[in-house]
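K.L.:
Input file: entry-v2.txt. Contents: compact mmCIF, C-alpha atoms and all ligand atoms.
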# COMPACT_ATOMS: atom_id res chain seq x y z
CA MET A 1 9.19 -22.85 -20.38
CA THR A 2 8.98 -26.03 -18.33
CA ALA A 3 11.30 -24.50 -15.72
CA VAL A 4 9.18 -21.38 -15.42
CA LEU A 5 5.90 -23.19 -14.99
CA PRO A 6 6.33 -24.64 -11.48
CA SER A 7 7.30 -21.28 -9.97
CA LEU A 8 4.41 -19.66 -11.78
CA VAL A 9 2.04 -22.17 -10.26
CA LEU A 10 3.52 -21.50 -6.81
CA ALA A 11 3.09 -17.77 -7.31
CA LEU A 12 -0.54 -18.28 -8.28
CA LEU A 13 -1.14 -20.48 -5.27
CA CYS A 14 0.35 -17.75 -3.13
CA LEU A 15 -2.06 -15.19 -4.57
CA LEU A 16 -5.03 -17.49 -4.22
CA TRP A 17 -4.07 -18.12 -0.64
CA ALA A 18 -3.93 -14.40 -0.02
CA GLY A 19 -7.29 -14.05 -1.70
CA ALA A 20 -8.85 -16.47 0.70
CA GLU A 21 -7.45 -14.67 3.72
CA VAL A 22 -7.59 -10.95 3.06
CA PRO A 23 -11.01 -9.27 3.01
CA VAL A 24 -11.80 -6.36 0.68
CA GLN A 25 -14.06 -3.39 1.49
CA PRO A 26 -17.55 -4.55 0.43
CA GLY A 27 -19.01 -2.46 -2.40
CA PHE A 28 -15.69 -0.67 -2.92
CA ASN A 29 -16.21 2.65 -4.71
CA ALA A 30 -13.10 3.59 -6.68
CA GLU A 31 -14.20 7.15 -7.45
CA LYS A 32 -14.68 8.00 -3.79
CA SER A 33 -11.25 6.67 -2.89
CA ALA A 34 -9.42 8.83 -5.42
CA GLY A 35 -7.44 11.90 -4.40
CA THR A 36 -4.76 12.68 -1.88
CA TRP A 37 -3.88 10.58 1.16
CA HIS A 38 -1.20 10.67 3.84
CA VAL A 39 0.66 7.47 4.67
CA ALA A 40 0.24 7.57 8.44
CA ALA A 41 1.52 4.11 9.38
CA VAL A 42 3.04 1.09 7.70
CA VAL A 43 3.62 -2.42 8.97
CA SER A 44 5.63 -4.79 6.79
CA ASN A 45 7.97 -7.76 6.97
CA CYS A 46 10.00 -6.55 4.00
CA SER A 47 13.63 -6.68 5.16
CA VAL A 48 14.59 -3.34 3.57
CA PHE A 49 11.64 -1.64 5.25
CA LEU A 50 12.53 -3.13 8.64
CA LYS A 51 16.05 -1.72 8.36
CA MET A 52 14.84 1.75 7.33
CA LYS A 53 11.57 2.16 9.17
CA ASP A 54 12.77 4.18 12.16
CA GLY A 55 14.05 6.92 9.89
CA MET A 56 10.99 7.10 7.66
CA LYS A 57 8.65 10.05 7.49
CA SER A 58 5.04 10.32 6.40
CA SER A 59 4.54 10.62 2.68
CA ILE A 60 1.79 11.69 0.32
CA VAL A 61 -0.04 9.32 -2.02
CA THR A 62 -2.26 10.49 -4.83
CA ILE A 63 -4.66 7.88 -6.16
CA SER A 64 -6.37 8.18 -9.52
CA PHE A 65 -8.21 5.81 -11.82
CA MET A 66 -7.94 5.25 -15.53
CA PRO A 67 -11.13 5.14 -17.63
CA GLU A 68 -10.84 1.33 -17.84
CA GLY A 69 -10.61 1.06 -14.05
CA ASP A 70 -6.87 0.64 -13.54
CA LEU A 71 -5.35 2.38 -10.54
CA ALA A 72 -2.44 4.81 -10.62
CA MET A 73 -0.64 5.58 -7.41
CA LYS A 74 1.79 8.48 -7.17
CA LEU A 75 3.94 8.72 -4.08
CA VAL A 76 6.24 11.39 -2.74
CA TRP A 77 8.62 10.21 -0.02
CA PRO A 78 10.78 12.67 1.89
CA LEU A 79 14.30 11.23 1.57
CA LEU A 80 17.13 13.10 3.21
CA ASP A 81 17.28 16.39 1.34
CA ARG A 82 14.88 15.68 -1.47
CA CYS A 83 11.42 14.46 -2.37
CA GLN A 84 11.56 11.14 -4.16
CA LYS A 85 8.66 10.51 -6.51
CA PHE A 86 7.37 7.11 -7.52
CA GLU A 87 4.54 6.03 -9.70
CA LEU A 88 2.91 2.61 -9.52
CA LEU A 89 0.28 1.24 -11.85
CA PHE A 90 -2.14 -1.51 -10.95
CA GLN A 91 -4.56 -3.39 -13.16
CA GLN A 92 -8.06 -4.00 -11.98
CA SER A 93 -8.71 -7.60 -10.99
CA GLY A 94 -12.09 -9.33 -11.14
CA GLN A 95 -13.07 -7.96 -7.74
CA ALA A 96 -13.71 -4.29 -6.90
CA GLY A 97 -10.99 -3.03 -4.55
CA HIS A 98 -8.47 -5.66 -5.66
CA TYR A 99 -5.63 -4.71 -8.01
CA MET A 100 -2.52 -6.33 -9.48
CA GLY A 101 0.70 -4.66 -10.46
CA THR A 102 3.25 -6.40 -12.63
CA SER A 103 6.52 -5.27 -14.05
CA ALA A 104 9.58 -7.20 -15.21
CA GLN A 105 11.13 -7.30 -11.73
CA GLU A 106 8.20 -7.53 -9.39
CA LYS A 107 4.64 -8.42 -8.72
CA ARG A 108 2.25 -6.63 -6.42
CA ASP A 109 -1.18 -7.55 -5.20
CA LEU A 110 -3.12 -4.71 -3.65
CA ARG A 111 -6.38 -4.86 -1.73
CA VAL A 112 -8.31 -2.07 -0.09
CA MET A 113 -9.31 -3.92 3.07
CA GLU A 114 -11.34 -1.20 4.67
CA THR A 115 -12.18 2.44 3.98
CA ASP A 116 -14.75 5.11 4.80
CA TYR A 117 -13.36 7.22 1.87
CA SER A 118 -13.39 10.49 3.82
CA HIS A 119 -11.05 9.71 6.74
CA TYR A 120 -9.06 6.52 6.30
CA ALA A 121 -8.20 3.54 4.13
CA ILE A 122 -6.35 0.38 5.11
CA VAL A 123 -4.51 -1.15 2.18
CA HIS A 124 -2.99 -4.62 2.07
CA GLU A 125 -0.11 -5.30 -0.28
CA LEU A 126 1.63 -8.49 -1.23
CA HIS A 127 4.94 -7.87 -2.90
CA GLN A 128 7.00 -10.41 -4.79
CA SER A 129 10.41 -9.47 -6.10
CA GLY A 130 13.41 -11.72 -6.09
CA GLN A 131 13.09 -14.67 -3.74
CA GLU A 132 11.00 -13.76 -0.80
CA PRO A 133 7.47 -12.42 -0.81
CA SER A 134 6.63 -9.69 1.67
CA THR A 135 3.38 -8.41 3.08
CA ALA A 136 2.52 -4.85 4.05
CA LEU A 137 -0.41 -3.03 5.53
CA GLN A 138 -0.70 0.73 5.16
CA LEU A 139 -2.89 3.18 7.00
CA LEU A 140 -3.83 6.04 4.70
CA THR A 141 -5.54 9.11 6.13
CA ARG A 142 -7.09 12.16 4.47
CA GLU A 143 -5.88 14.48 7.24
CA GLN A 144 -2.30 14.47 8.35
CA ASP A 145 -3.21 13.87 11.98
CA THR A 146 -4.32 10.38 12.90
CA SER A 147 -6.70 9.70 15.76
CA PRO A 148 -5.70 7.19 18.46
CA GLN A 149 -8.89 5.23 17.65
CA LEU A 150 -7.82 4.82 14.04
CA LEU A 151 -4.33 3.71 15.04
CA GLN A 152 -5.87 1.22 17.43
CA LYS A 153 -8.07 -0.19 14.66
CA PHE A 154 -4.99 -0.49 12.44
CA LYS A 155 -2.98 -2.25 15.14
CA GLU A 156 -5.74 -4.77 15.66
CA LEU A 157 -5.54 -5.79 11.99
CA ILE A 158 -1.79 -6.49 12.12
CA PRO A 159 -1.94 -10.07 13.46
CA THR A 160 -4.81 -10.94 11.07
CA VAL A 161 -2.45 -10.62 8.07
CA GLY A 162 0.40 -12.60 9.63
CA LEU A 163 2.50 -9.62 10.77
CA THR A 164 3.60 -8.48 14.23
CA LYS A 165 3.62 -5.12 16.03
CA ASP A 166 7.41 -4.85 16.07
CA MET A 167 7.20 -4.44 12.28
CA LEU A 168 5.08 -1.30 12.66
CA ALA A 169 6.23 2.24 11.87
CA ILE A 170 4.00 5.17 12.76
CA LEU A 171 5.36 7.76 10.39
CA PRO A 172 5.96 11.25 11.76
CA LYS A 173 5.19 14.36 9.71
CA SER A 174 8.14 15.59 7.75
CA GLY A 175 6.99 19.10 6.90
CA LYS A 176 8.55 18.51 3.50
CA CYS A 177 7.15 17.27 0.20
CA GLN A 178 3.67 18.14 1.45
CA GLU A 179 2.28 19.94 -1.55
CA GLY A 180 1.33 16.67 -3.26
CA ALA A 181 0.74 18.63 -6.43
CA GLY A 182 3.27 19.49 -9.11
CA TRP A 183 2.71 16.23 -10.93
CA HIS A 184 2.63 18.00 -14.24
CA ALA A 185 6.30 18.80 -13.87
CA TRP A 186 7.51 15.29 -14.75
C1 LIG A 201 5.97 -11.97 5.24
O1 LIG A 201 4.75 -12.48 5.74
C2 LIG A 201 4.03 -13.26 4.81
C3 LIG A 201 2.69 -13.62 5.45
O2 LIG A 201 2.84 -14.14 6.73
C4 LIG A 201 4.87 -14.49 4.41
O3 LIG A 201 4.20 -15.23 3.44
C5 LIG A 201 6.21 -14.02 3.87
O4 LIG A 201 7.06 -15.12 3.59
C6 LIG A 201 6.91 -13.09 4.85
N1 LIG A 201 8.10 -12.54 4.21
C7 LIG A 201 9.21 -12.27 4.89
C8 LIG A 201 10.30 -11.59 4.11
O5 LIG A 201 9.36 -12.56 6.07
Go ahead and express the file in the form of structure tokens.
P.N.:
Amino acid sequence: MTAVLPSLVLALLCLLWAGAEVPVQPGFNAEKSAGTWHVAAVVSNCSVFLKMKDGMKSSIVTISFMPEGDLAMKLVWPLLDRCQKFELLFQQSGQAGHYMGTSAQEKRDLRVMETDYSHYAIVHELHQSGQEPSTALQLLTREQDTSPQLLQKFKELIPTVGLTKDMLAILPKSGKCQEGAGWHAW
């Protein structure tokens, strides 16, 4: 117990620090942000991502909310010859648009930094698993095609969260795993 406490305190400090730095969409409306999104671009300093990013394709994310306000995120990533499905659950934090995900192996802190609900959302994620924390910013779009203006807006946010443009991947369409439906199958 005494050994766990100091690292817990450090982890909390880390989250509080992030809270002070990362803005959240004012008046965030969860209902309006539900539904299907395309992951158009990702920037992250996660070492696994940096190794893989040039081969990554755009994926589909479906966002839904539980009655008590928790957020469920279902992702389909095109991986080689198949569509890999993931599901992530996040608990609502005290602030609208701010969510926390915890499992035995990892901790995630998710903030919707900016969204107009009908075209784009910019999501900030802090991820802690193992030793090193990593930060990611994702550009989600309702349509598969992203406007240059939106990409520009996204790029301008990169340095504000402590990341650099060489960590950016603009994800090309894959033409696969696009249906986004079929969730009842599993
Ligand atoms: C990623 O960036 C964040 C914020 O600058 C930093 O706290 C973290 O240590 C970085 N992680 C890696 C793996 O470089």
K.L.:
Could you tell me which of A:Met100, A:Leu50, A:Leu168, A:Glu114 comes closest to ligand LIG 201 (chain A) if we count all atoms listed in the file?
P.N.:
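Under the stated criterion, the closest residue is A:Leu50.
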K.L.:
12 Å from ligand LIG 201 (chain A) is the threshold here; counting only C-alpha atoms and all ligand atoms, which polymer residues fall inside it? Answer as a ChimeraX atom specification.
P.N.:
/A:11,13-15,17-18,21-22,43-50,124-137,158-164,167
K.L.:
Which is closest to Asp70 (chain A) among A:His38, A:Lys165, A:Lys153, A:His98, if we use all atoms listed in the file?
P.N.:
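Of the candidates, the smallest distance to Asp70 (chain A) is held by A:His98.
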K.L.:
State, in Å with one decimal place, the distance from CA of Leu71 (chain A) to CA of Lys176 (chain A).
P.N.:
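Atom-to-atom, CA of Leu71 (chain A) and CA of Lys176 (chain A) are spaced 25.5 Å apart.
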K.L.:
Using only C-alpha atoms, pick whichever of A:Ala121, A:Leu89, A:Leu110, A:Leu75 has the shortest atom-to-atom distance to Lys32 (chain A).
P.N.:
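When distances to Lys32 (chain A) are compared using only C-alpha atoms, the smallest one comes from A:Ala121.
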K.L.:
Between A:Ser33, A:Gln144, A:Gln149, A:Gln84, which residue has the minimum interatomic distance to Cys177 (chain A), considering all atoms listed in the file?
P.N.:
A:Gln84
